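Listing of model-v3.txt, compact mmCIF, C-alpha atoms
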# COMPACT_ATOMS: atom_id res chain seq x y z
CA MET A 11 -132.12 55.40 280.62
CA GLN A 12 -129.08 53.87 279.09
CA SER A 13 -126.01 53.56 281.17
CA GLN A 14 -122.33 53.32 280.40
CA SER A 15 -121.52 49.73 279.62
CA SER A 16 -118.91 48.09 281.69
CA PRO A 17 -115.59 47.89 279.87
CA SER A 18 -115.25 44.24 280.83
CA ARG A 19 -118.53 43.25 279.15
CA PRO A 20 -117.99 42.29 275.51
CA ILE A 21 -119.86 44.39 272.99
CA ASP A 22 -121.80 42.54 270.33
CA PRO A 23 -120.78 43.90 266.87
CA LEU A 24 -124.21 43.14 265.39
CA GLN A 25 -125.96 45.12 268.12
CA GLN A 26 -123.51 47.96 267.55
CA LEU A 27 -124.27 48.02 263.85
CA GLU A 28 -128.02 47.96 264.51
CA ALA A 29 -127.68 50.82 267.00
CA ILE A 30 -125.69 52.80 264.42
CA ASN A 31 -128.40 52.25 261.80
CA ALA A 32 -131.11 53.31 264.26
CA MET A 33 -129.25 56.53 265.12
CA LEU A 34 -128.51 57.32 261.47
CA ILE A 35 -132.24 57.07 260.75
CA SER A 36 -133.06 59.10 263.86
CA GLY A 37 -130.63 61.82 262.73
CA HIS A 38 -132.19 61.94 259.27
CA GLN A 39 -135.69 62.15 260.72
CA SER A 40 -134.95 64.93 263.15
CA ILE A 41 -137.77 67.10 261.84
CA ARG A 42 -140.53 68.58 263.94
CA ILE A 43 -143.19 70.94 262.69
CA GLU A 44 -144.12 73.37 265.47
CA LYS A 45 -147.69 74.05 266.57
CA HIS A 46 -147.59 77.73 265.60
CA THR A 47 -146.73 76.80 261.99
CA PHE A 48 -150.19 75.25 261.55
CA PHE A 49 -151.79 78.36 263.04
CA TYR A 50 -149.79 80.90 261.01
CA TRP A 51 -150.19 79.27 257.59
CA GLY A 52 -153.74 78.07 258.23
CA ILE A 53 -155.08 81.42 259.42
CA ALA A 54 -153.27 83.34 256.66
CA GLY A 55 -154.59 80.95 253.99
CA GLY A 56 -158.13 81.11 255.34
CA LEU A 57 -158.06 84.91 255.57
CA LEU A 58 -156.72 85.27 252.03
CA ALA A 59 -159.37 82.92 250.65
CA ALA A 60 -162.07 84.87 252.50
CA VAL A 61 -160.91 88.41 251.78
CA LEU A 62 -159.49 88.27 248.24
CA PRO A 63 -162.86 87.91 246.41
CA PHE A 64 -164.15 91.07 248.14
CA ILE A 65 -161.05 93.01 247.13
CA TYR A 66 -161.33 91.65 243.57
CA ALA A 67 -164.95 92.87 243.44
CA MET A 68 -163.83 96.38 244.34
CA VAL A 69 -161.39 96.54 241.43
CA ALA A 70 -163.26 94.29 238.96
CA ASN A 71 -160.74 94.18 236.16
CA PHE A 72 -158.41 91.41 235.17
CA TRP A 73 -155.03 93.15 235.50
CA GLY A 74 -156.09 94.89 238.70
CA ASN A 75 -157.09 91.58 240.21
CA LEU A 76 -153.85 89.98 239.13
CA ALA A 77 -151.84 92.80 240.71
CA ILE A 78 -153.87 92.46 243.92
CA PHE A 79 -153.30 88.72 243.99
CA VAL A 80 -149.54 89.02 243.52
CA SER A 81 -149.07 91.84 246.01
CA ILE A 82 -151.41 90.63 248.75
CA CYS A 83 -150.75 86.90 248.42
CA GLY A 84 -147.01 87.37 247.95
CA GLY A 85 -146.80 89.95 250.74
CA VAL A 86 -148.91 88.09 253.31
CA LEU A 87 -147.40 84.68 252.65
CA GLY A 88 -143.90 86.16 252.60
CA LEU A 89 -144.51 87.70 256.03
CA VAL A 90 -145.95 84.42 257.33
CA ALA A 91 -142.85 82.57 256.09
CA PHE A 92 -140.60 85.11 257.85
CA PHE A 93 -142.40 85.07 261.19
CA ASP A 94 -142.96 81.31 261.15
CA ASN A 95 -139.25 80.68 260.62
CA ARG A 96 -138.30 83.23 263.28
CA LYS A 97 -140.62 81.77 265.88
CA THR A 98 -139.51 78.19 265.13
CA ARG A 99 -135.89 79.18 265.68
CA TRP A 100 -136.79 81.11 268.84
CA ILE A 101 -138.63 78.08 270.28
CA ARG A 102 -135.75 75.75 269.49
CA ARG A 103 -133.25 78.14 270.99
CA SER A 104 -135.30 78.57 274.17
CA GLN A 105 -135.33 74.77 274.58
CA ASP A 106 -131.61 74.51 273.73
CA GLU A 107 -132.47 72.56 270.59
CA SER A 108 -131.38 73.21 267.04
CA VAL A 109 -133.11 73.32 263.68
CA SER A 110 -131.57 70.40 261.83
CA PHE A 111 -130.12 70.65 258.33
CA ILE A 112 -132.93 68.53 256.93
CA GLN A 113 -135.60 70.68 258.58
CA THR A 114 -134.03 73.83 257.12
CA LYS A 115 -134.14 72.29 253.66
CA ILE A 116 -137.72 71.10 254.05
CA THR A 117 -138.69 74.62 255.12
CA HIS A 118 -137.07 75.93 251.92
CA ILE A 119 -139.07 73.39 249.90
CA TRP A 120 -142.24 74.54 251.67
CA TRP A 121 -141.52 78.16 250.64
CA LEU A 122 -140.70 77.05 247.13
CA LEU A 123 -144.03 75.20 246.85
CA ILE A 124 -145.90 78.31 248.01
CA ALA A 125 -144.05 80.37 245.37
CA VAL A 126 -144.86 77.73 242.74
CA ALA A 127 -148.55 77.87 243.71
CA ILE A 128 -148.52 81.67 243.26
CA VAL A 129 -146.74 81.43 239.88
CA LEU A 130 -149.17 78.70 238.73
CA THR A 131 -152.18 80.79 239.72
CA ILE A 132 -150.82 83.74 237.73
CA GLY A 133 -150.14 81.49 234.73
CA LEU A 134 -153.60 79.92 234.87
CA ASP A 135 -155.25 83.34 235.15
CA LEU A 136 -153.23 84.77 232.27
CA TYR A 137 -153.19 81.92 229.79
CA GLY A 138 -155.65 79.26 230.93
CA GLY A 139 -154.77 75.74 232.01
CA GLY A 140 -154.37 74.09 228.61
CA ALA A 141 -152.00 76.73 227.35
CA ILE A 142 -149.45 76.35 230.13
CA ASP A 143 -149.41 72.61 230.70
CA ILE A 144 -145.89 72.33 229.25
CA SER A 145 -144.71 75.18 231.47
CA VAL A 146 -146.17 73.35 234.47
CA TRP A 147 -144.05 70.33 233.55
CA PHE A 148 -140.92 72.51 233.33
CA LEU A 149 -141.82 74.06 236.68
CA LEU A 150 -142.34 70.77 238.48
CA ILE A 151 -139.26 69.08 237.03
CA GLY A 152 -137.25 72.18 237.98
CA LEU A 153 -138.62 71.89 241.49
CA ALA A 154 -137.65 68.22 241.64
CA LEU A 155 -134.08 69.11 240.60
CA ILE A 156 -133.91 71.82 243.27
CA ILE A 157 -135.05 69.34 245.92
CA HIS A 158 -132.27 66.96 244.84
CA GLY A 159 -129.86 69.88 244.95
CA PHE A 160 -130.87 70.71 248.52
CA PHE A 161 -129.94 67.27 249.76
CA SER A 162 -127.24 65.87 247.55
CA THR A 163 -126.09 67.11 244.16
CA GLN A 164 -125.72 70.84 244.76
CA PRO A 165 -125.16 71.92 241.11
CA LEU A 166 -128.71 70.70 240.43
CA LEU A 167 -129.95 73.77 242.33
CA ARG A 168 -128.79 76.04 239.50
CA PHE A 169 -130.21 73.83 236.76
CA GLY A 170 -133.52 73.53 238.64
CA VAL A 171 -133.74 77.32 238.95
CA ALA A 172 -132.93 77.61 235.22
CA LEU A 173 -135.74 75.18 234.38
CA ILE A 174 -138.18 77.21 236.49
CA GLY A 175 -136.97 80.30 234.59
CA ILE A 176 -137.68 78.50 231.29
CA SER A 177 -141.15 77.60 232.56
CA MET A 178 -141.93 81.24 233.29
CA ILE A 179 -140.51 82.65 230.05
CA THR A 180 -141.98 80.03 227.69
CA PRO A 181 -145.61 81.21 227.65
CA LEU A 182 -144.44 84.80 227.15
CA LEU A 183 -142.20 84.05 224.16
CA LEU A 184 -143.52 80.96 222.44
CA PRO A 185 -146.89 79.71 221.25
CA TYR A 186 -147.96 76.22 222.26
CA GLU A 187 -146.29 74.54 219.28
CA GLY A 188 -143.00 76.22 220.14
CA ALA A 189 -143.33 75.21 223.79
CA ARG A 190 -143.92 71.61 222.70
CA TRP A 191 -140.69 71.54 220.68
CA LEU A 192 -138.88 73.18 223.57
CA ALA A 193 -140.11 70.38 225.86
CA VAL A 194 -138.86 67.79 223.35
CA SER A 195 -135.47 69.47 223.42
CA VAL A 196 -135.16 70.29 227.12
CA PHE A 197 -136.32 66.85 228.28
CA GLY A 198 -134.94 64.76 225.43
CA ILE A 199 -131.54 66.44 225.13
CA GLY A 200 -131.21 68.65 228.21
CA MET A 201 -131.80 66.00 230.85
CA PRO A 202 -129.38 63.37 229.45
CA LEU A 203 -126.87 66.17 228.89
CA LEU A 204 -127.27 67.22 232.51
CA GLY A 205 -126.52 63.67 233.63
CA PHE A 206 -123.44 63.62 231.41
CA MET A 207 -122.23 66.98 232.72
CA LEU A 208 -122.72 66.03 236.37
CA TYR A 209 -121.04 62.64 236.15
CA GLN A 210 -118.50 62.98 233.35
CA ASN A 211 -117.62 66.65 233.75
CA SER A 212 -118.36 67.39 237.38
CA GLU A 213 -115.08 69.31 237.82
CA PHE A 214 -115.97 71.63 234.95
CA CYS A 215 -119.53 71.96 236.32
CA ASN A 216 -118.21 73.10 239.70
CA ALA A 217 -115.28 75.20 238.53
CA LYS A 218 -117.06 77.15 235.77
CA LYS A 219 -120.58 77.34 237.15
CA PRO A 220 -122.04 80.14 234.98
CA LEU A 221 -120.35 78.81 231.83
CA ALA A 222 -121.59 75.25 232.45
CA LEU A 223 -125.11 76.56 233.00
CA PHE A 224 -124.93 78.73 229.87
CA ILE A 225 -123.70 75.82 227.72
CA TRP A 226 -126.45 73.60 229.09
CA LEU A 227 -129.12 76.22 228.43
CA ILE A 228 -127.96 76.68 224.85
CA LEU A 229 -127.69 72.97 224.09
CA ALA A 230 -130.96 72.12 225.84
CA THR A 231 -133.13 74.84 224.33
CA LEU A 232 -131.70 75.78 220.92
CA PRO A 233 -132.45 72.49 219.11
CA GLY A 234 -136.13 72.69 220.11
CA TYR A 235 -136.35 76.34 219.20
CA GLY A 236 -134.55 75.63 215.91
CA ILE A 237 -136.96 72.82 215.00
CA TYR A 238 -139.90 75.09 215.81
CA LYS A 239 -138.50 77.87 213.61
CA ALA A 240 -137.72 75.41 210.82
CA GLU A 241 -141.25 74.09 211.03
CA GLN A 242 -142.51 77.66 210.83
CA SER A 243 -140.47 78.40 207.73
CA TYR A 244 -141.26 75.10 206.02
CA GLN A 245 -143.41 75.77 202.99
CA LEU A 246 -146.36 73.44 203.09
CA GLN A 247 -147.47 71.96 199.78
CA THR A 248 -150.46 73.99 198.69
CA PRO A 249 -152.61 73.47 195.60
CA THR A 250 -151.75 75.62 192.59
CA VAL A 251 -155.27 76.80 191.92
CA ASN A 252 -156.69 80.27 191.90
CA PRO A 253 -158.51 81.26 195.08
CA VAL A 254 -162.22 81.86 194.90
CA SER A 255 -164.17 84.19 197.11
CA LEU A 256 -166.62 82.90 199.69
CA VAL A 257 -169.48 84.40 197.66
CA ASP A 258 -168.36 82.54 194.50
CA TYR A 259 -167.83 79.35 196.45
CA GLN A 260 -171.35 79.55 197.85
CA ALA A 261 -172.83 80.41 194.45
CA GLN A 262 -171.62 77.26 192.69
CA PRO A 263 -171.98 73.59 193.68
CA ALA A 264 -169.11 72.29 195.81
CA LEU A 265 -166.28 70.50 193.99
CA GLN A 266 -166.38 66.84 194.89
CA GLN A 267 -163.00 66.14 193.29
CA GLY A 268 -159.72 68.10 193.36
CA SER A 269 -158.48 71.09 195.33
CA GLN A 270 -159.94 74.51 195.95
CA ILE A 271 -158.81 77.61 197.86
CA VAL A 272 -161.51 79.81 199.34
CA THR A 273 -160.77 83.35 200.50
CA LEU A 274 -162.59 84.96 203.38
CA PRO A 275 -161.66 88.66 203.19
CA ALA A 276 -161.30 90.95 206.18
CA GLY A 277 -164.72 92.23 207.18
CA THR A 278 -166.41 88.91 206.44
CA SER A 279 -169.15 88.21 208.94
CA LEU A 280 -169.19 84.68 210.26
CA PRO A 281 -171.57 82.92 212.63
CA LEU A 282 -169.73 81.60 215.69
CA LYS A 283 -172.06 78.94 217.01
CA LEU A 284 -172.13 78.71 220.77
CA SER A 285 -174.05 76.68 223.27
CA ALA A 286 -173.90 76.76 227.05
CA LYS A 287 -174.69 74.35 229.85
CA GLY A 288 -174.02 74.30 233.57
CA ASP A 289 -175.19 73.30 237.03
CA VAL A 290 -177.91 75.99 237.23
CA ILE A 291 -178.71 76.40 233.54
CA ARG A 292 -180.35 74.06 231.06
CA ASP A 293 -178.40 72.98 227.99
CA SER A 294 -179.02 75.65 225.39
CA ALA A 295 -179.34 75.09 221.66
CA PHE A 296 -176.54 76.50 219.51
CA ILE A 297 -176.97 80.16 218.80
CA ALA A 298 -175.03 82.02 216.14
CA LEU A 299 -172.85 84.82 217.44
CA PRO A 300 -171.98 87.04 214.47
CA ILE A 301 -168.25 87.75 214.43
CA THR A 302 -166.31 89.73 211.86
CA LEU A 303 -162.85 88.85 210.58
CA LYS A 304 -160.30 91.59 210.88
CA SER A 305 -157.79 89.64 208.76
CA ALA A 306 -158.28 87.81 205.48
CA ILE A 307 -158.18 84.03 205.81
CA GLU A 308 -157.66 81.53 203.02
CA VAL A 309 -158.61 77.89 203.53
CA VAL A 310 -157.96 74.83 201.37
CA LEU A 311 -160.57 72.25 200.44
CA GLU A 312 -159.60 68.80 199.23
CA ASN A 313 -162.35 66.85 197.51
CA GLY A 314 -164.92 69.21 198.94
CA LYS A 315 -163.67 69.07 202.52
CA LEU A 316 -161.40 71.36 204.55
CA ASN A 317 -157.95 69.76 204.82
CA GLY A 318 -156.71 71.97 207.65
CA LEU A 319 -154.43 74.24 205.60
CA TYR A 320 -154.98 77.94 206.04
CA ARG A 321 -153.18 81.23 205.94
CA ILE A 322 -153.86 84.65 207.35
CA ASP A 323 -153.29 87.93 205.44
CA GLN A 324 -151.26 86.20 202.69
CA GLY A 325 -148.87 84.92 205.33
CA LYS A 326 -147.37 81.46 205.53
CA TRP A 327 -149.56 78.46 205.05
CA GLN A 328 -150.23 76.70 208.34
CA LYS A 329 -151.74 73.40 209.25
CA LEU A 330 -154.60 73.67 211.69
CA ARG A 331 -153.99 71.41 214.64
CA ALA A 332 -156.43 70.42 217.30
CA TRP A 333 -155.18 73.09 219.59
CA LYS A 334 -155.67 76.79 219.11
CA LEU A 335 -156.10 79.21 221.96
CA ILE A 336 -159.55 80.17 223.21
CA HIS A 337 -159.36 82.12 226.40
CA ILE A 338 -162.30 83.28 228.49
CA ASN A 339 -161.05 86.74 229.24
CA ASP A 340 -163.89 87.98 231.41
CA LEU A 341 -167.21 86.92 232.83
CA PHE A 342 -169.46 89.63 234.23
CA ILE A 343 -172.98 89.36 235.66
CA ASP A 344 -175.23 92.36 236.24
CA LEU A 345 -178.85 92.88 237.28
CA ASN A 346 -180.57 96.21 236.78
CA PRO A 347 -184.18 97.42 236.35
CA GLN A 348 -183.58 98.57 232.76
CA SER A 349 -182.19 95.44 231.19
CA GLY A 350 -182.79 92.76 233.82
CA LEU A 351 -180.14 90.07 234.29
CA ASN A 352 -177.13 90.29 232.02
CA MET A 353 -174.28 87.88 231.75
CA ASP A 354 -171.35 89.07 229.65
CA VAL A 355 -168.73 86.55 228.58
CA GLN A 356 -165.71 87.70 226.62
CA LEU A 357 -163.89 85.08 224.57
CA ASN A 358 -160.43 85.63 223.11
CA ILE A 359 -159.81 83.40 220.10
CA TYR A 360 -156.34 83.08 218.58
CA ALA A 361 -155.87 81.34 215.24
CA GLY A 362 -152.09 81.79 215.05
CA LYS A 363 -151.56 85.02 213.09
CA GLN A 364 -147.80 85.51 212.61
CA MET B 19 -97.14 33.96 265.97
CA ALA B 20 -100.43 34.66 267.78
CA LYS B 21 -103.29 35.89 265.57
CA SER B 22 -104.74 39.20 266.89
CA SER B 23 -108.56 39.37 267.17
CA PRO B 24 -110.16 41.86 264.76
CA MET B 25 -112.25 43.13 267.70
CA LEU B 26 -109.08 44.40 269.35
CA ALA B 27 -108.32 46.53 266.33
CA LEU B 28 -111.57 48.50 266.68
CA ASP B 29 -111.35 52.17 267.71
CA LYS B 30 -111.41 52.15 271.52
CA VAL B 31 -113.22 55.49 271.79
CA LEU B 32 -115.99 54.65 269.37
CA HIS B 33 -116.34 51.02 270.42
CA GLN B 34 -118.64 51.95 273.26
CA PRO B 35 -122.44 51.82 272.64
CA ILE B 36 -123.31 55.37 273.72
CA ARG B 37 -120.36 57.02 271.98
CA THR B 38 -121.11 55.04 268.82
CA GLN B 39 -124.68 56.28 268.89
CA ILE B 40 -123.60 59.89 269.47
CA ALA B 41 -121.25 59.67 266.49
CA ALA B 42 -123.92 58.02 264.30
CA TYR B 43 -126.52 60.64 265.22
CA LEU B 44 -124.15 63.51 264.46
CA ALA B 45 -123.00 61.83 261.24
CA SER B 46 -126.52 61.90 259.84
CA ARG B 47 -127.86 65.08 261.43
CA GLY B 48 -124.83 67.30 261.01
CA GLU B 49 -125.04 69.58 264.05
CA ALA B 50 -126.92 69.08 267.30
CA THR B 51 -127.15 70.75 270.68
CA PHE B 52 -126.63 68.98 273.99
CA THR B 53 -130.44 68.80 274.46
CA ASP B 54 -130.95 67.38 270.95
CA LEU B 55 -128.49 64.59 271.78
CA LYS B 56 -129.96 64.04 275.22
CA ASN B 57 -133.49 63.66 273.77
CA ALA B 58 -132.40 61.45 270.89
CA LEU B 59 -130.38 59.07 273.07
CA ALA B 60 -132.58 59.30 276.19
CA LEU B 61 -129.62 59.91 278.49
CA THR B 62 -129.12 61.83 281.71
CA ASP B 63 -127.12 65.06 281.61
CA GLY B 64 -124.25 63.51 283.56
CA ASN B 65 -124.02 60.40 281.45
CA LEU B 66 -124.07 62.30 278.16
CA ASP B 67 -121.64 64.90 279.47
CA ALA B 68 -119.07 62.23 280.37
CA HIS B 69 -119.17 60.70 276.90
CA MET B 70 -119.13 64.07 275.16
CA LYS B 71 -116.04 65.10 277.11
CA LYS B 72 -114.30 61.92 275.99
CA LEU B 73 -115.24 62.50 272.33
CA VAL B 74 -114.20 66.17 272.46
CA GLN B 75 -110.87 65.29 274.13
CA THR B 76 -110.14 62.77 271.39
CA GLY B 77 -110.88 65.41 268.78
CA TYR B 78 -113.73 63.43 267.23
CA ILE B 79 -116.29 66.09 268.09
CA VAL B 80 -115.97 69.84 267.73
CA SER B 81 -118.22 72.48 269.23
CA ARG B 82 -119.14 76.02 268.33
CA LYS B 83 -121.08 78.67 270.20
CA GLU B 84 -123.83 80.80 268.65
CA GLY B 85 -125.45 83.91 270.13
CA GLU B 86 -122.68 85.43 272.21
CA THR B 87 -124.80 88.11 273.87
CA VAL B 88 -128.10 86.42 274.71
CA ARG B 89 -128.10 82.86 276.05
CA PRO B 90 -125.42 81.30 273.84
CA GLN B 91 -126.11 77.86 272.39
CA THR B 92 -123.44 75.23 271.88
CA PHE B 93 -123.61 73.10 268.74
CA TYR B 94 -121.71 69.84 268.41
CA ALA B 95 -120.62 68.18 265.17
CA LEU B 96 -118.24 65.43 264.10
CA SER B 97 -114.81 66.75 263.16
CA SER B 98 -113.27 65.51 259.91
CA GLU B 99 -111.11 63.22 262.06
CA GLY B 100 -114.27 62.00 263.81
CA LYS B 101 -116.01 61.38 260.47
CA SER B 102 -113.19 59.28 259.10
CA ALA B 103 -112.84 57.40 262.43
CA PHE B 104 -116.58 56.68 262.39
CA ASP B 105 -116.44 55.50 258.74
CA SER B 106 -113.48 53.23 259.54
CA TYR B 107 -115.26 51.89 262.61
CA VAL B 108 -118.42 51.01 260.62
CA LYS B 109 -116.28 49.35 257.92
CA ALA B 110 -114.38 47.36 260.54
CA LEU B 111 -117.62 46.22 262.23
CA SER B 112 -119.08 45.25 258.85
CA SER B 113 -116.00 43.26 257.97
CA ILE B 114 -116.11 41.42 261.31
CA LEU B 115 -119.73 40.51 260.56
CA GLY B 116 -118.90 39.66 256.95
CA ILE B 117 -121.13 42.41 255.55
CA ALA B 118 -120.00 44.44 252.56
CA SER B 119 -120.27 48.11 253.63
Please rewrite the model in this file as structure tokens.
Amino acid sequence: MQSQSSPSRPIDPLQQLEAINAMLISGHQSIRIEKHTFFYWGIAGGLLAAVLPFIYAMVANFWGNLAIFVSICGGVLGLVAFFDNRKTRWIRRSQDESVSFIQTKITHIWWLLIAVAIVLTIGLDLYGGGAIDISVWFLLIGLALIIHGFFSTQPLLRFGVALIGISMITPLLLPYEGARWLAVSVFGIGMPLLGFMLYQNSEFCNAKKPLALFIWLILATLPGYGIYKAEQSYQLQTPTVNPVSLVDYQAQPALQQGSQIVTLPAGTSLPLKLSAKGDVIRDSAFIALPITLKSAIEVVLENGKLNGLYRIDQGKWQKLRAWKLIHINDLFIDLNPQSGLNMDVQLNIYAGKQ
Amino acid sequence: MAKSSPMLALDKVLHQPIRTQIAAYLASRGEATFTDLKNALALTDGNLDAHMKKLVQTGYIVSRKEGETVRPQTFYALSSEGKSAFDSYVKALSSILGIAS
């Protein structure tokens, strides 16, 4: 135990400064996770992981499963958060201890991470991983801003929440190309602008909170959205030749020189070649799945090869990029005496019809 | 004219190892209960109580009670006067040691 130092004994300034540093660190690190927290979250997580697949099997449809996930996961984890926090405070109170500021904030971050995990799961289920990667970046950067806001620069809380809002709205409103331009704008313009607003105009940021946030949102998102729209409306250079039908194209030898437009009318049957492989199945050869177009598609050939230009139903010409959305909507396995083992896989393919 | 030692100019209340540590702990943690402080500084009740009384009397520490009906808890925090006194004290110590704070 330390004792009161005698007033006559000189106090070493260096030791004083070292003691101050030690106590400052001790104050910052005054965090203690209680035993019950591990039990509450662990048991709830284990139970959810064990029970949810059985509940999914009872409903067996995509939207039903999604609703079950949101309500059960959100409900159970929300209750766990409530009771965990209550018990932690009760324990501290019974020992005449307090929950420090930093522990309160870390608890908030814990809740936020759980909410982010739920939102991510919904996004992955709805759109697939590749389609929401930009939204995931928005979400995580938003989270990072919120964490900063918790501890130091409070206005960052609002901007972090706004970024999380953008991450949730983006997949609903914009295709991947649009989301990419939005990322260019939000990160490339929005982040430097945020730094400028916080350091050069902090008084305005604090005095007119909603207005500052609104201005930031407009300036951070509109340029990206504008570029995306401009790109959409830009008329790509297309060859001035008369389109030929697929039948005519197939009937004559392919042009080795020059441009050609080939039309595939609605109702055209196409072979979609698929192959499958996995841990319990052998690699299969490609089989042709006959699919039928419900829209007319025109494609451009340059010197006998597709150059990536296409349009749907006489719409705008588009350039095919590496990424177009293919989403496995459903996978269903059934075994019955009549037809034996059946595996149904439903693919959703989006080519960018506008 | 005699030159006064910079050590003499240090805040008499804070220039005491335990009180300095109490102030430093509260400066970084914000609020703390008596037990929090006792555990962090490894002090006896009596020893801590004596120093807390001194800091409260000086106005460097303020207290508030929470939970009026069932077992009220007392939380201690640095007052604004205490914060600025602590800042000045750290600056003065740093300048004595020739460290830029």
task = Could the residues of chain B within 7 Å of chain A, counting all atoms listed in the file, be given as a list in words, please?
result = Pro35, Thr38, Gln39, Ala42, Tyr43, Leu44, Ser46, Arg47, Gly48, Glu49, Ala50, Thr51, Thr53, Asp54, Ala60, Leu61, Gln91 and Leu111 of chain B
message = List the spatial neighbours of region 137-140 of chain A as a PyMOL selection string - criterion: any atom at most 8 Å away, only C-alpha atoms, same-chain residues fewer than 3 positions off excluded.
response = chain A and resi 133-134+143+181+337
key: Nearby residues (all atoms listed in the file) at most 10 Å from Val251 (chain A), same-chain spacing under 2 positions excluded, as a PyMOL selection string   = chain A and resi 248-249+253-254+268-271
ask   = Which residues, written as a list in words, have at least one atom at most 12 Å from Leu130 (chain A), with all atoms listed in the file counted and residues fewer than 4 positions away on the same chain left out?
value = Val80, Leu123, Ile124, Ala125, Val126, Leu134, Asp135, Leu136, Tyr137, Gly138, Gly139, Ala141, Ile142, Asp143, Ile144, Ser145, Val146, Trp147, Phe148, Leu149, Leu150, Ile174, Ser177, Met178 and Pro181 of chain A
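Taking CA of Leu173 (chain A) and CA of Met201 (chain A) as the two end points, the separation is 10.6 Å.
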query = Hey, what's within 10 Å of Val74 (chain B) if we count only C-alpha atoms and toss same-chain stuff fewer than 3 positions away? As a list of chain:residue names, please?
reply =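 Selected residues are B:His69, B:Met70, B:Lys71, B:Gly77, B:Tyr78, B:Ile79, B:Val80, B:Ser81, B:Tyr94, B:Ala95, B:Leu96, B:Ser97, B:Gly100.
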request  = Tell me which protein, DNA and RNA residues are within 9 Å of Ile237 (chain A), counting only C-alpha atoms, leaving out same-chain ones fewer than 6 positions away, and put them as a list in words.
outcome  =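 The contact residues come out as Gly188, Trp191 and Leu192 of chain A.
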inquiry  = Would you compute the distance between CA of Val355 (chain A) and CA of Asn75 (chain A)? Give it in Å to one decimal.
reply    =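 Going from CA of Val355 (chain A) over to CA of Asn75 (chain A), I get 17.2 Å.
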request  = Kindly give the distance, in Å, that separates CA of Gln262 (chain A) and CA of Asn317 (chain A), rounded to a single decimal.
outcome  =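 Atom-to-atom, CA of Gln262 (chain A) and CA of Asn317 (chain A) are spaced 19.8 Å apart.
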Would you output region 69-78 of chain A from that structure, restricted to N, CA, C and O atoms, as a PDB file, in the first residue's frame?
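See result-v3.pdb below for the written result:
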ATOM      1  N   VAL A  69     -39.986 -23.090 -43.291  1.00  0.00           N
ATOM      2  CA  VAL A  69     -40.584 -22.075 -44.172  1.00  0.00           C
ATOM      3  C   VAL A  69     -40.168 -22.321 -45.628  1.00  0.00           C
ATOM      4  O   VAL A  69     -40.999 -22.297 -46.532  1.00  0.00           O
ATOM      5  N   ALA A  70     -38.873 -22.593 -45.827  1.00  0.00           N
ATOM      6  CA  ALA A  70     -38.326 -22.968 -47.136  1.00  0.00           C
ATOM      7  C   ALA A  70     -38.668 -22.017 -48.268  1.00  0.00           C
ATOM      8  O   ALA A  70     -39.012 -22.439 -49.350  1.00  0.00           O
ATOM      9  N   ASN A  71     -38.659 -20.744 -48.023  1.00  0.00           N
ATOM     10  CA  ASN A  71     -38.638 -19.797 -49.144  1.00  0.00           C
ATOM     11  C   ASN A  71     -37.766 -18.611 -48.760  1.00  0.00           C
ATOM     12  O   ASN A  71     -37.600 -18.287 -47.579  1.00  0.00           O
ATOM     13  N   PHE A  72     -37.211 -17.996 -49.784  1.00  0.00           N
ATOM     14  CA  PHE A  72     -36.166 -16.997 -49.570  1.00  0.00           C
ATOM     15  C   PHE A  72     -36.613 -15.844 -48.673  1.00  0.00           C
ATOM     16  O   PHE A  72     -35.982 -15.520 -47.672  1.00  0.00           O
ATOM     17  N   TRP A  73     -37.744 -15.221 -49.032  1.00  0.00           N
ATOM     18  CA  TRP A  73     -38.186 -14.041 -48.276  1.00  0.00           C
ATOM     19  C   TRP A  73     -38.616 -14.419 -46.862  1.00  0.00           C
ATOM     20  O   TRP A  73     -38.396 -13.667 -45.912  1.00  0.00           O
ATOM     21  N   GLY A  74     -39.225 -15.610 -46.749  1.00  0.00           N
ATOM     22  CA  GLY A  74     -39.622 -16.087 -45.423  1.00  0.00           C
ATOM     23  C   GLY A  74     -38.400 -16.275 -44.538  1.00  0.00           C
ATOM     24  O   GLY A  74     -38.383 -15.861 -43.375  1.00  0.00           O
ATOM     25  N   ASN A  75     -37.369 -16.877 -45.111  1.00  0.00           N
ATOM     26  CA  ASN A  75     -36.142 -17.096 -44.350  1.00  0.00           C
ATOM     27  C   ASN A  75     -35.481 -15.788 -43.941  1.00  0.00           C
ATOM     28  O   ASN A  75     -34.959 -15.653 -42.842  1.00  0.00           O
ATOM     29  N   LEU A  76     -35.523 -14.828 -44.871  1.00  0.00           N
ATOM     30  CA  LEU A  76     -34.923 -13.530 -44.575  1.00  0.00           C
ATOM     31  C   LEU A  76     -35.666 -12.845 -43.420  1.00  0.00           C
ATOM     32  O   LEU A  76     -35.060 -12.286 -42.503  1.00  0.00           O
ATOM     33  N   ALA A  77     -37.003 -12.938 -43.475  1.00  0.00           N
ATOM     34  CA  ALA A  77     -37.815 -12.326 -42.413  1.00  0.00           C
ATOM     35  C   ALA A  77     -37.536 -13.017 -41.076  1.00  0.00           C
ATOM     36  O   ALA A  77     -37.427 -12.356 -40.035  1.00  0.00           O
ATOM     37  N   ILE A  78     -37.383 -14.336 -41.123  1.00  0.00           N
ATOM     38  CA  ILE A  78     -37.086 -15.092 -39.887  1.00  0.00           C
ATOM     39  C   ILE A  78     -35.733 -14.657 -39.336  1.00  0.00           C
ATOM     40  O   ILE A  78     -35.584 -14.401 -38.141  1.00  0.00           O
TER      41      ILE A  78
END
